[in-house]
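K.L.:
To be precise about what I am sending: the file is called query02.cif and holds mmCIF, N, CA and C atoms.
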```cif
data_protein
#
loop_
_atom_site.label_atom_id
_atom_site.label_comp_id
_atom_site.auth_asym_id
_atom_site.auth_seq_id
_atom_site.Cartn_x
_atom_site.Cartn_y
_atom_site.Cartn_z
N MET B 27 -14.44 20.72 -69.37
CA MET B 27 -13.24 20.03 -68.94
C MET B 27 -13.30 18.57 -69.33
N ARG B 28 -14.48 17.95 -69.19
CA ARG B 28 -14.60 16.54 -69.56
C ARG B 28 -14.33 16.35 -71.05
N LEU B 29 -14.84 17.25 -71.89
CA LEU B 29 -14.59 17.16 -73.32
C LEU B 29 -13.10 17.34 -73.60
N GLY B 30 -12.47 18.28 -72.93
CA GLY B 30 -11.04 18.49 -73.11
C GLY B 30 -10.23 17.26 -72.74
N LEU B 31 -10.60 16.61 -71.65
CA LEU B 31 -9.91 15.37 -71.26
C LEU B 31 -10.11 14.29 -72.31
N LEU B 32 -11.31 14.16 -72.82
CA LEU B 32 -11.58 13.19 -73.87
C LEU B 32 -10.74 13.48 -75.11
N LEU B 33 -10.70 14.73 -75.52
CA LEU B 33 -9.93 15.10 -76.71
C LEU B 33 -8.43 14.87 -76.52
N ARG B 34 -7.98 14.94 -75.28
CA ARG B 34 -6.56 14.70 -74.98
C ARG B 34 -6.32 13.24 -74.55
N ARG B 35 -7.36 12.41 -74.71
CA ARG B 35 -7.29 10.98 -74.44
C ARG B 35 -6.90 10.67 -73.00
N ARG B 36 -7.54 11.41 -72.08
CA ARG B 36 -7.35 11.18 -70.64
C ARG B 36 -8.70 10.86 -70.03
N TRP B 37 -8.76 9.81 -69.23
CA TRP B 37 -10.00 9.44 -68.57
C TRP B 37 -10.33 10.49 -67.52
N PRO B 38 -11.56 10.96 -67.45
CA PRO B 38 -11.88 11.97 -66.43
C PRO B 38 -11.82 11.34 -65.04
N PRO B 39 -11.18 12.01 -64.12
CA PRO B 39 -11.08 11.48 -62.77
C PRO B 39 -12.36 11.72 -61.98
N TYR B 40 -12.36 11.25 -60.77
CA TYR B 40 -13.42 11.56 -59.81
C TYR B 40 -13.65 13.07 -59.84
N ALA B 41 -14.89 13.49 -59.75
CA ALA B 41 -15.25 14.90 -59.93
C ALA B 41 -14.41 15.86 -59.08
N LYS B 42 -14.04 15.43 -57.90
CA LYS B 42 -13.27 16.29 -57.00
C LYS B 42 -11.94 16.71 -57.63
N TRP B 43 -11.38 15.87 -58.50
CA TRP B 43 -10.06 16.12 -59.08
C TRP B 43 -10.13 16.55 -60.54
N LEU B 44 -11.31 16.76 -61.07
CA LEU B 44 -11.46 17.06 -62.49
C LEU B 44 -10.64 18.28 -62.92
N GLY B 45 -10.81 19.39 -62.22
CA GLY B 45 -10.09 20.61 -62.59
C GLY B 45 -8.59 20.48 -62.43
N THR B 46 -8.16 19.78 -61.38
CA THR B 46 -6.72 19.59 -61.13
C THR B 46 -6.08 18.80 -62.26
N VAL B 47 -6.72 17.72 -62.67
CA VAL B 47 -6.17 16.90 -63.75
C VAL B 47 -6.26 17.65 -65.07
N PHE B 48 -7.39 18.33 -65.31
CA PHE B 48 -7.53 19.09 -66.54
C PHE B 48 -6.39 20.10 -66.70
N ALA B 49 -6.04 20.78 -65.63
CA ALA B 49 -5.01 21.82 -65.69
C ALA B 49 -3.65 21.28 -66.10
N THR B 50 -3.43 19.96 -65.99
CA THR B 50 -2.15 19.37 -66.38
C THR B 50 -2.09 19.01 -67.85
N LEU B 51 -3.20 19.13 -68.57
CA LEU B 51 -3.21 18.77 -69.99
C LEU B 51 -2.35 19.73 -70.80
N PRO B 52 -1.72 19.23 -71.86
CA PRO B 52 -0.99 20.13 -72.75
C PRO B 52 -1.93 21.18 -73.34
N GLY B 53 -1.56 22.42 -73.28
CA GLY B 53 -2.36 23.50 -73.86
C GLY B 53 -3.55 23.92 -73.04
N ALA B 54 -3.65 23.46 -71.79
CA ALA B 54 -4.83 23.77 -70.97
C ALA B 54 -4.79 25.18 -70.39
N ALA B 55 -3.64 25.82 -70.34
CA ALA B 55 -3.53 27.12 -69.67
C ALA B 55 -4.54 28.15 -70.17
N PRO B 56 -4.75 28.31 -71.50
CA PRO B 56 -5.74 29.31 -71.92
C PRO B 56 -7.16 28.98 -71.45
N VAL B 57 -7.47 27.70 -71.35
CA VAL B 57 -8.80 27.30 -70.88
C VAL B 57 -8.93 27.59 -69.39
N VAL B 58 -7.93 27.21 -68.62
CA VAL B 58 -7.96 27.43 -67.18
C VAL B 58 -8.02 28.93 -66.89
N ASP B 59 -7.19 29.71 -67.57
CA ASP B 59 -7.21 31.16 -67.36
C ASP B 59 -8.54 31.76 -67.79
N GLY B 60 -9.06 31.28 -68.92
CA GLY B 60 -10.34 31.79 -69.42
C GLY B 60 -11.48 31.48 -68.46
N LEU B 61 -11.51 30.26 -67.93
CA LEU B 61 -12.56 29.91 -66.98
C LEU B 61 -12.44 30.70 -65.69
N ALA B 62 -11.21 30.93 -65.25
CA ALA B 62 -11.01 31.74 -64.04
C ALA B 62 -11.54 33.16 -64.27
N ALA B 63 -11.27 33.71 -65.44
CA ALA B 63 -11.78 35.05 -65.75
C ALA B 63 -13.31 35.05 -65.85
N ALA B 64 -13.86 34.00 -66.43
CA ALA B 64 -15.32 33.91 -66.58
C ALA B 64 -16.02 33.81 -65.23
N LEU B 65 -15.36 33.20 -64.26
CA LEU B 65 -15.95 33.03 -62.94
C LEU B 65 -15.55 34.15 -61.98
N GLY B 66 -14.77 35.09 -62.46
CA GLY B 66 -14.28 36.17 -61.61
C GLY B 66 -15.31 37.27 -61.40
N PRO B 67 -14.84 38.37 -60.85
CA PRO B 67 -15.76 39.48 -60.53
C PRO B 67 -16.13 40.27 -61.77
N GLY B 68 -17.13 41.09 -61.63
CA GLY B 68 -17.53 41.99 -62.70
C GLY B 68 -18.79 41.56 -63.41
N GLU B 69 -19.26 42.45 -64.25
CA GLU B 69 -20.46 42.19 -65.05
C GLU B 69 -20.16 41.14 -66.11
N TRP B 70 -21.20 40.58 -66.71
CA TRP B 70 -21.04 39.51 -67.69
C TRP B 70 -20.15 39.93 -68.85
N ALA B 71 -20.24 41.19 -69.28
CA ALA B 71 -19.45 41.64 -70.43
C ALA B 71 -17.95 41.65 -70.13
N VAL B 72 -17.59 41.77 -68.86
CA VAL B 72 -16.18 41.73 -68.44
C VAL B 72 -15.70 40.28 -68.38
N ARG B 73 -16.60 39.37 -68.00
CA ARG B 73 -16.24 37.97 -67.83
C ARG B 73 -16.37 37.15 -69.11
N GLU B 74 -17.23 37.59 -70.03
CA GLU B 74 -17.49 36.83 -71.25
C GLU B 74 -16.24 36.51 -72.07
N PRO B 75 -15.30 37.43 -72.26
CA PRO B 75 -14.12 37.09 -73.06
C PRO B 75 -13.34 35.89 -72.53
N GLY B 76 -13.33 35.70 -71.22
CA GLY B 76 -12.66 34.53 -70.65
C GLY B 76 -13.36 33.25 -71.05
N LEU B 77 -14.68 33.24 -70.95
CA LEU B 77 -15.44 32.05 -71.34
C LEU B 77 -15.26 31.79 -72.84
N VAL B 78 -15.31 32.82 -73.64
CA VAL B 78 -15.12 32.66 -75.09
C VAL B 78 -13.75 32.07 -75.38
N ARG B 79 -12.72 32.57 -74.72
CA ARG B 79 -11.37 32.05 -74.92
C ARG B 79 -11.31 30.56 -74.58
N ALA B 80 -11.93 30.17 -73.48
CA ALA B 80 -11.94 28.75 -73.09
C ALA B 80 -12.67 27.91 -74.12
N LEU B 81 -13.85 28.36 -74.54
CA LEU B 81 -14.64 27.61 -75.51
C LEU B 81 -13.92 27.48 -76.85
N GLU B 82 -13.36 28.57 -77.32
CA GLU B 82 -12.67 28.53 -78.62
C GLU B 82 -11.43 27.65 -78.57
N THR B 83 -10.76 27.61 -77.43
CA THR B 83 -9.58 26.75 -77.31
C THR B 83 -9.97 25.28 -77.42
N VAL B 84 -10.99 24.87 -76.67
CA VAL B 84 -11.42 23.47 -76.73
C VAL B 84 -12.01 23.15 -78.10
N ALA B 85 -12.69 24.10 -78.72
CA ALA B 85 -13.19 23.89 -80.09
C ALA B 85 -12.01 23.64 -81.04
N GLY B 86 -10.93 24.36 -80.84
CA GLY B 86 -9.73 24.12 -81.65
C GLY B 86 -9.15 22.73 -81.43
N TRP B 87 -9.20 22.27 -80.19
CA TRP B 87 -8.73 20.90 -79.90
C TRP B 87 -9.60 19.89 -80.65
N THR B 88 -10.90 20.16 -80.75
CA THR B 88 -11.79 19.27 -81.48
C THR B 88 -11.35 19.18 -82.94
N ASN B 89 -11.03 20.31 -83.54
CA ASN B 89 -10.53 20.30 -84.91
C ASN B 89 -9.19 19.57 -85.01
N ASP B 90 -8.34 19.72 -84.00
CA ASP B 90 -7.00 19.12 -84.03
C ASP B 90 -7.03 17.59 -84.12
N VAL B 91 -8.04 16.95 -83.54
CA VAL B 91 -8.08 15.48 -83.59
C VAL B 91 -8.49 14.98 -84.96
N ALA B 92 -9.00 15.85 -85.82
CA ALA B 92 -9.29 15.54 -87.23
C ALA B 92 -10.22 14.35 -87.42
N LEU B 93 -11.22 14.24 -86.57
CA LEU B 93 -12.22 13.18 -86.75
C LEU B 93 -13.23 13.55 -87.84
N ALA B 94 -13.31 14.84 -88.15
CA ALA B 94 -14.27 15.35 -89.13
C ALA B 94 -13.66 16.62 -89.73
N PRO B 95 -14.28 17.13 -90.78
CA PRO B 95 -13.78 18.40 -91.33
C PRO B 95 -13.76 19.48 -90.24
N ALA B 96 -12.77 20.34 -90.30
CA ALA B 96 -12.64 21.41 -89.32
C ALA B 96 -13.83 22.36 -89.37
N VAL B 97 -14.18 22.88 -88.22
CA VAL B 97 -15.26 23.85 -88.06
C VAL B 97 -14.64 25.12 -87.51
N ASP B 98 -15.10 26.25 -87.98
CA ASP B 98 -14.60 27.53 -87.47
C ASP B 98 -14.81 27.57 -85.96
N PRO B 99 -13.73 27.67 -85.17
CA PRO B 99 -13.88 27.63 -83.71
C PRO B 99 -14.27 28.97 -83.08
N ALA B 100 -14.49 29.98 -83.89
CA ALA B 100 -14.79 31.31 -83.35
C ALA B 100 -16.21 31.38 -82.80
N ALA B 101 -16.34 32.03 -81.66
CA ALA B 101 -17.67 32.27 -81.09
C ALA B 101 -18.41 33.26 -81.97
N ARG B 102 -19.71 33.25 -81.86
CA ARG B 102 -20.55 34.11 -82.70
C ARG B 102 -21.72 34.64 -81.89
N PRO B 103 -22.35 35.69 -82.36
CA PRO B 103 -23.49 36.25 -81.63
C PRO B 103 -24.63 35.24 -81.50
N PHE B 104 -25.32 35.31 -80.40
CA PHE B 104 -26.48 34.47 -80.16
C PHE B 104 -27.71 35.21 -80.62
N HIS B 105 -28.13 34.90 -81.85
CA HIS B 105 -29.26 35.58 -82.49
C HIS B 105 -29.05 37.09 -82.37
N GLY B 106 -30.03 37.83 -81.94
CA GLY B 106 -29.88 39.28 -81.84
C GLY B 106 -29.46 39.74 -80.45
N ARG B 107 -29.08 38.79 -79.62
CA ARG B 107 -28.74 39.13 -78.24
C ARG B 107 -27.26 39.52 -78.15
N PRO B 108 -26.86 40.16 -77.06
CA PRO B 108 -25.49 40.65 -76.96
C PRO B 108 -24.47 39.61 -76.50
N PHE B 109 -24.82 38.34 -76.51
CA PHE B 109 -23.94 37.30 -75.99
C PHE B 109 -23.26 36.53 -77.11
N LEU B 110 -22.03 36.10 -76.85
CA LEU B 110 -21.31 35.25 -77.80
C LEU B 110 -21.43 33.80 -77.35
N VAL B 111 -21.63 32.90 -78.31
CA VAL B 111 -21.73 31.47 -78.03
C VAL B 111 -20.87 30.72 -79.04
N LEU B 112 -20.55 29.50 -78.70
CA LEU B 112 -19.78 28.66 -79.62
C LEU B 112 -20.66 28.11 -80.73
N ASP B 113 -21.94 27.92 -80.47
CA ASP B 113 -22.85 27.24 -81.39
C ASP B 113 -22.31 25.84 -81.65
N ALA B 114 -22.17 25.08 -80.56
CA ALA B 114 -21.53 23.76 -80.60
C ALA B 114 -22.26 22.76 -81.48
N GLY B 115 -23.51 23.02 -81.80
CA GLY B 115 -24.24 22.13 -82.70
C GLY B 115 -23.54 21.96 -84.03
N ARG B 116 -22.78 22.97 -84.45
CA ARG B 116 -22.02 22.87 -85.70
C ARG B 116 -21.00 21.74 -85.62
N PHE B 117 -20.38 21.59 -84.46
CA PHE B 117 -19.40 20.52 -84.25
C PHE B 117 -20.09 19.17 -84.21
N VAL B 118 -21.23 19.12 -83.53
CA VAL B 118 -22.00 17.88 -83.43
C VAL B 118 -22.37 17.39 -84.83
N GLU B 119 -22.84 18.29 -85.68
CA GLU B 119 -23.26 17.91 -87.03
C GLU B 119 -22.13 17.27 -87.83
N VAL B 120 -20.96 17.92 -87.88
CA VAL B 120 -19.87 17.36 -88.70
C VAL B 120 -19.31 16.09 -88.08
N LEU B 121 -19.26 16.02 -86.75
CA LEU B 121 -18.76 14.81 -86.11
C LEU B 121 -19.71 13.63 -86.34
N ARG B 122 -21.00 13.86 -86.21
CA ARG B 122 -21.97 12.78 -86.46
C ARG B 122 -21.95 12.35 -87.91
N ALA B 123 -21.82 13.29 -88.82
CA ALA B 123 -21.78 12.97 -90.25
C ALA B 123 -20.54 12.13 -90.60
N ALA B 124 -19.49 12.27 -89.82
CA ALA B 124 -18.24 11.54 -90.09
C ALA B 124 -18.28 10.10 -89.58
N ILE B 125 -19.29 9.74 -88.81
CA ILE B 125 -19.42 8.37 -88.30
C ILE B 125 -19.86 7.48 -89.45
N THR B 126 -19.08 6.47 -89.77
CA THR B 126 -19.37 5.62 -90.93
C THR B 126 -20.33 4.48 -90.62
N ASP B 127 -20.40 4.04 -89.38
CA ASP B 127 -21.30 2.95 -89.01
C ASP B 127 -22.70 3.54 -88.81
N PRO B 128 -23.66 3.20 -89.70
CA PRO B 128 -24.99 3.82 -89.59
C PRO B 128 -25.70 3.51 -88.28
N GLN B 129 -25.49 2.33 -87.73
CA GLN B 129 -26.13 1.98 -86.45
C GLN B 129 -25.61 2.88 -85.33
N LEU B 130 -24.32 3.14 -85.33
CA LEU B 130 -23.74 4.02 -84.32
C LEU B 130 -24.15 5.48 -84.57
N ARG B 131 -24.13 5.90 -85.83
CA ARG B 131 -24.48 7.28 -86.17
C ARG B 131 -25.93 7.59 -85.81
N ASP B 132 -26.81 6.60 -85.89
CA ASP B 132 -28.24 6.83 -85.62
C ASP B 132 -28.61 6.77 -84.15
N ARG B 133 -27.67 6.45 -83.29
CA ARG B 133 -27.97 6.43 -81.85
C ARG B 133 -28.23 7.86 -81.37
N PRO B 134 -29.06 8.01 -80.35
CA PRO B 134 -29.32 9.36 -79.84
C PRO B 134 -28.05 9.98 -79.26
N PRO B 135 -27.86 11.26 -79.45
CA PRO B 135 -26.64 11.94 -78.99
C PRO B 135 -26.70 12.30 -77.50
N ILE B 136 -26.72 11.29 -76.64
CA ILE B 136 -26.86 11.55 -75.21
C ILE B 136 -25.57 11.37 -74.43
N GLY B 137 -24.56 10.81 -75.03
CA GLY B 137 -23.29 10.63 -74.32
C GLY B 137 -23.24 9.35 -73.51
N ALA B 138 -22.13 9.16 -72.85
CA ALA B 138 -21.91 7.98 -72.02
C ALA B 138 -22.58 8.15 -70.67
N VAL B 139 -22.87 7.03 -70.04
CA VAL B 139 -23.60 7.04 -68.77
C VAL B 139 -22.89 7.90 -67.72
N ASP B 140 -21.57 7.94 -67.73
CA ASP B 140 -20.87 8.73 -66.71
C ASP B 140 -20.95 10.23 -66.96
N GLN B 141 -21.58 10.63 -68.06
CA GLN B 141 -21.81 12.05 -68.31
C GLN B 141 -23.09 12.54 -67.65
N TYR B 142 -24.00 11.64 -67.32
CA TYR B 142 -25.24 12.06 -66.70
C TYR B 142 -25.55 11.34 -65.40
N VAL B 143 -24.65 10.48 -64.96
CA VAL B 143 -24.79 9.82 -63.67
C VAL B 143 -23.50 10.04 -62.89
N ASP B 144 -23.61 10.45 -61.65
CA ASP B 144 -22.42 10.69 -60.82
C ASP B 144 -22.51 9.84 -59.55
N SER B 145 -23.05 8.64 -59.69
CA SER B 145 -23.23 7.77 -58.54
C SER B 145 -22.19 6.65 -58.57
N VAL B 146 -21.36 6.60 -57.55
CA VAL B 146 -20.37 5.53 -57.46
C VAL B 146 -21.06 4.17 -57.43
N ASP B 147 -22.23 4.10 -56.78
CA ASP B 147 -22.97 2.84 -56.70
C ASP B 147 -23.44 2.36 -58.07
N VAL B 148 -23.61 3.25 -59.01
CA VAL B 148 -23.97 2.85 -60.38
C VAL B 148 -22.72 2.63 -61.21
N LEU B 149 -21.82 3.60 -61.20
CA LEU B 149 -20.69 3.56 -62.12
C LEU B 149 -19.67 2.46 -61.81
N THR B 150 -19.64 1.96 -60.58
CA THR B 150 -18.69 0.89 -60.25
C THR B 150 -19.30 -0.50 -60.42
N HIS B 151 -20.52 -0.57 -60.91
CA HIS B 151 -21.18 -1.85 -61.18
C HIS B 151 -21.65 -1.83 -62.64
N PRO B 152 -20.92 -2.48 -63.53
CA PRO B 152 -21.27 -2.42 -64.96
C PRO B 152 -22.72 -2.80 -65.26
N ASP B 153 -23.28 -3.77 -64.54
CA ASP B 153 -24.67 -4.16 -64.81
C ASP B 153 -25.62 -2.99 -64.53
N ARG B 154 -25.37 -2.25 -63.47
CA ARG B 154 -26.22 -1.10 -63.13
C ARG B 154 -26.05 0.01 -64.17
N ALA B 155 -24.80 0.29 -64.54
CA ALA B 155 -24.54 1.33 -65.53
C ALA B 155 -25.21 0.99 -66.86
N ARG B 156 -25.15 -0.27 -67.25
CA ARG B 156 -25.80 -0.68 -68.50
C ARG B 156 -27.32 -0.51 -68.42
N ARG B 157 -27.90 -0.83 -67.29
CA ARG B 157 -29.36 -0.68 -67.14
C ARG B 157 -29.77 0.80 -67.22
N VAL B 158 -28.99 1.66 -66.58
CA VAL B 158 -29.30 3.09 -66.65
C VAL B 158 -29.17 3.59 -68.08
N ALA B 159 -28.07 3.23 -68.74
CA ALA B 159 -27.85 3.67 -70.12
C ALA B 159 -28.96 3.15 -71.03
N ALA B 160 -29.35 1.89 -70.87
CA ALA B 160 -30.42 1.32 -71.70
C ALA B 160 -31.74 2.05 -71.48
N ALA B 161 -32.02 2.44 -70.23
CA ALA B 161 -33.25 3.15 -69.93
C ALA B 161 -33.28 4.53 -70.59
N VAL B 162 -32.13 5.15 -70.70
CA VAL B 162 -32.06 6.46 -71.32
C VAL B 162 -32.19 6.36 -72.84
N VAL B 163 -31.52 5.37 -73.41
CA VAL B 163 -31.55 5.19 -74.86
C VAL B 163 -32.91 4.65 -75.31
N ARG B 164 -33.46 3.75 -74.54
CA ARG B 164 -34.74 3.11 -74.87
C ARG B 164 -35.62 3.12 -73.64
N PRO B 165 -36.36 4.22 -73.43
CA PRO B 165 -37.20 4.33 -72.22
C PRO B 165 -38.20 3.20 -72.12
N PRO B 166 -38.65 2.88 -70.90
CA PRO B 166 -39.65 1.82 -70.70
C PRO B 166 -40.88 2.05 -71.56
N GLY B 167 -41.37 0.99 -72.16
CA GLY B 167 -42.55 1.08 -73.00
C GLY B 167 -42.24 1.41 -74.46
N ALA B 168 -40.98 1.78 -74.75
CA ALA B 168 -40.62 2.08 -76.13
C ALA B 168 -40.38 0.79 -76.89
N ALA B 169 -40.69 0.80 -78.14
CA ALA B 169 -40.50 -0.40 -78.98
C ALA B 169 -39.06 -0.56 -79.38
#
```
Please re-express this file's structure in structure tokens.
P.N.:
Amino acid sequence: MRLGLLLRRRWPPYAKWLGTVFATLPGAAPVVDGLAAALGPGEWAVREPGLVRALETVAGWTNDVALAPAVDPAARPFHGRPFLVLDAGRFVEVLRAAITDPQLRDRPPIGAVDQYVDSVDVLTHPDRARRVAAAVVRPPGAA
């Protein structure tokens, strides 16, 4: 949902409202329906098509923003196992390759601080958020 909001250029709200706001995005219905099916009753094989539908829809949105060459959004088998996955690393590769600033492209792919911290006490104080982000990008003792 957070990726979908980013792709639709909407700031993710407080976690409590994430799904509500996501559901209002243009084209979100297949994702919402797919996630509901994935979280519904039944064995994994009954629920998997819903998750696949949600993943493929958001993968299509990634292609729609045209930041990099399009990637086939279809899910694929996970090695020899019976599960379908998006194999999102394919998207990461083309998106990172499309970054023209080498300093930005060479940064570790860890995301923004609000993707791994959910503390109001950190996120509402820029100095704290910067310290957390710096510690993740450059752990203590690293050169």
K.L.:
What does the PyMOL selection byres ((chain B and resi 80) around 8) select in this file, as an NGL selection string?
P.N.:
:B and (55-61 or 74-79 or 81-86)
K.L.:
On this file, the PyMOL selection byres ((chain B and resi 131-143) around 7) gives some set of residues; write that set as an mmCIF file with N, CA and C atoms, in the frame of the given file.
P.N.:
```
data_model
loop_
_atom_site.group_PDB
_atom_site.id
_atom_site.type_symbol
_atom_site.label_atom_id
_atom_site.label_comp_id
_atom_site.auth_asym_id
_atom_site.auth_seq_id
_atom_site.Cartn_x
_atom_site.Cartn_y
_atom_site.Cartn_z
ATOM 1 N N ARG B 122 -21.000 13.860 -86.210
ATOM 2 C CA ARG B 122 -21.970 12.780 -86.460
ATOM 3 C C ARG B 122 -21.950 12.350 -87.910
ATOM 4 N N ILE B 125 -19.290 9.740 -88.810
ATOM 5 C CA ILE B 125 -19.420 8.370 -88.300
ATOM 6 C C ILE B 125 -19.860 7.480 -89.450
ATOM 7 N N THR B 126 -19.080 6.470 -89.770
ATOM 8 C CA THR B 126 -19.370 5.620 -90.930
ATOM 9 C C THR B 126 -20.330 4.480 -90.620
ATOM 10 N N ASP B 127 -20.400 4.040 -89.380
ATOM 11 C CA ASP B 127 -21.300 2.950 -89.010
ATOM 12 C C ASP B 127 -22.700 3.540 -88.810
ATOM 13 N N PRO B 128 -23.660 3.200 -89.700
ATOM 14 C CA PRO B 128 -24.990 3.820 -89.590
ATOM 15 C C PRO B 128 -25.700 3.510 -88.280
ATOM 16 N N GLN B 129 -25.490 2.330 -87.730
ATOM 17 C CA GLN B 129 -26.130 1.980 -86.450
ATOM 18 C C GLN B 129 -25.610 2.880 -85.330
ATOM 19 N N LEU B 130 -24.320 3.140 -85.330
ATOM 20 C CA LEU B 130 -23.740 4.020 -84.320
ATOM 21 C C LEU B 130 -24.150 5.480 -84.570
ATOM 22 N N ASP B 144 -23.610 10.450 -61.650
ATOM 23 C CA ASP B 144 -22.420 10.690 -60.820
ATOM 24 C C ASP B 144 -22.510 9.840 -59.550
ATOM 25 N N SER B 145 -23.050 8.640 -59.690
ATOM 26 C CA SER B 145 -23.230 7.770 -58.540
ATOM 27 C C SER B 145 -22.190 6.650 -58.570
ATOM 28 N N VAL B 146 -21.360 6.600 -57.550
ATOM 29 C CA VAL B 146 -20.370 5.530 -57.460
ATOM 30 C C VAL B 146 -21.060 4.170 -57.430
ATOM 31 N N LEU B 149 -21.820 3.600 -61.200
ATOM 32 C CA LEU B 149 -20.690 3.560 -62.120
ATOM 33 C C LEU B 149 -19.670 2.460 -61.810
ATOM 34 N N ALA B 155 -24.800 0.290 -64.540
ATOM 35 C CA ALA B 155 -24.540 1.330 -65.530
ATOM 36 C C ALA B 155 -25.210 0.990 -66.860
ATOM 37 N N VAL B 158 -28.990 1.660 -66.580
ATOM 38 C CA VAL B 158 -29.300 3.090 -66.650
ATOM 39 C C VAL B 158 -29.170 3.590 -68.080
ATOM 40 N N ALA B 159 -28.070 3.230 -68.740
ATOM 41 C CA ALA B 159 -27.850 3.670 -70.120
ATOM 42 C C ALA B 159 -28.960 3.150 -71.030
ATOM 43 N N VAL B 163 -31.520 5.370 -73.410
ATOM 44 C CA VAL B 163 -31.550 5.190 -74.860
ATOM 45 C C VAL B 163 -32.910 4.650 -75.310
#
```
K.L.:
Tell me, as an mmCIF file with N, CA and C atoms, in the coordinates of the input, which residues lie within 8 Å of region 47-51 of chain B, counting all atoms listed in the file; anything in the same chain fewer than 6 positions away does not count.
P.N.:
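Produced file out.cif, reproduced below:
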```
data_model
loop_
_atom_site.group_PDB
_atom_site.id
_atom_site.type_symbol
_atom_site.label_atom_id
_atom_site.label_comp_id
_atom_site.auth_asym_id
_atom_site.auth_seq_id
_atom_site.Cartn_x
_atom_site.Cartn_y
_atom_site.Cartn_z
ATOM 1 N N MET B 27 -14.440 20.720 -69.370
ATOM 2 C CA MET B 27 -13.240 20.030 -68.940
ATOM 3 C C MET B 27 -13.300 18.570 -69.330
ATOM 4 N N ARG B 28 -14.480 17.950 -69.190
ATOM 5 C CA ARG B 28 -14.600 16.540 -69.560
ATOM 6 C C ARG B 28 -14.330 16.350 -71.050
ATOM 7 N N GLY B 30 -12.470 18.280 -72.930
ATOM 8 C CA GLY B 30 -11.040 18.490 -73.110
ATOM 9 C C GLY B 30 -10.230 17.260 -72.740
ATOM 10 N N LEU B 31 -10.600 16.610 -71.650
ATOM 11 C CA LEU B 31 -9.910 15.370 -71.260
ATOM 12 C C LEU B 31 -10.110 14.290 -72.310
ATOM 13 N N ARG B 34 -7.980 14.940 -75.280
ATOM 14 C CA ARG B 34 -6.560 14.700 -74.980
ATOM 15 C C ARG B 34 -6.320 13.240 -74.550
ATOM 16 N N PRO B 38 -11.560 10.960 -67.450
ATOM 17 C CA PRO B 38 -11.880 11.970 -66.430
ATOM 18 C C PRO B 38 -11.820 11.340 -65.040
ATOM 19 N N PRO B 39 -11.180 12.010 -64.120
ATOM 20 C CA PRO B 39 -11.080 11.480 -62.770
ATOM 21 C C PRO B 39 -12.360 11.720 -61.980
ATOM 22 N N VAL B 57 -7.470 27.700 -71.350
ATOM 23 C CA VAL B 57 -8.800 27.300 -70.880
ATOM 24 C C VAL B 57 -8.930 27.590 -69.390
ATOM 25 N N VAL B 58 -7.930 27.210 -68.620
ATOM 26 C CA VAL B 58 -7.960 27.430 -67.180
ATOM 27 C C VAL B 58 -8.020 28.930 -66.890
#
```
K.L.:
By how many Å are CA of Ala101 (chain B) and CA of Ala114 (chain B) apart?
P.N.:
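Going from CA of Ala101 (chain B) over to CA of Ala114 (chain B) covers 9.4 Å.
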K.L.:
Measure the distance from atom N of Phe117 (chain B) to atom N of Arg36 (chain B) in Å and round it to one decimal.
P.N.:
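Atom-to-atom, atom N of Phe117 (chain B) to atom N of Arg36 (chain B), that is 20.5 Å.
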K.L.:
Mind giving me the straight-line distance from CA of Leu44 (chain B) to atom C of Gly66 (chain B) in Å, one decimal?
P.N.:
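According to the coordinates, CA of Leu44 (chain B) and atom C of Gly66 (chain B) are separated by 20.6 Å.
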K.L.:
Centre and edge lengths, as AutoDock Vina command-line options, for the axis-aligned box enclosing every listed atom of region 124-130 of chain B with 8 Å of padding on each of the six sides, in Å to one decimal?
P.N.:
```
--center_x -22.2 --center_y 7.1 --center_z -87.6 --size_x 23.9 --size_y 26.3 --size_z 22.6
```
K.L.:
Among region 49-83 of chain B, which ones does DSSP place in helix (DSSP H, G or I), written as a PyMOL selection string?
P.N.:
chain B and resi 55-64+70-83
K.L.:
Can you tell me, as a list of chain:residue names, which residues in region 55-152 of chain B count as strand (DSSP E) by DSSP?
P.N.:
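Answer for region 55-152 of chain B, restricted to strand (DSSP E): B:Arg102, B:Pro103, B:Leu110, B:Val111.
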K.L.:
Measuring between only N, CA and C atoms, which one of B:Leu33, B:Val120, B:Ala71, B:Ala64 shows the shortest distance to Val97 (chain B)?
P.N.:
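Of B:Leu33, B:Val120, B:Ala71, B:Ala64, the one nearest Val97 (chain B) is B:Val120, counting only N, CA and C atoms.
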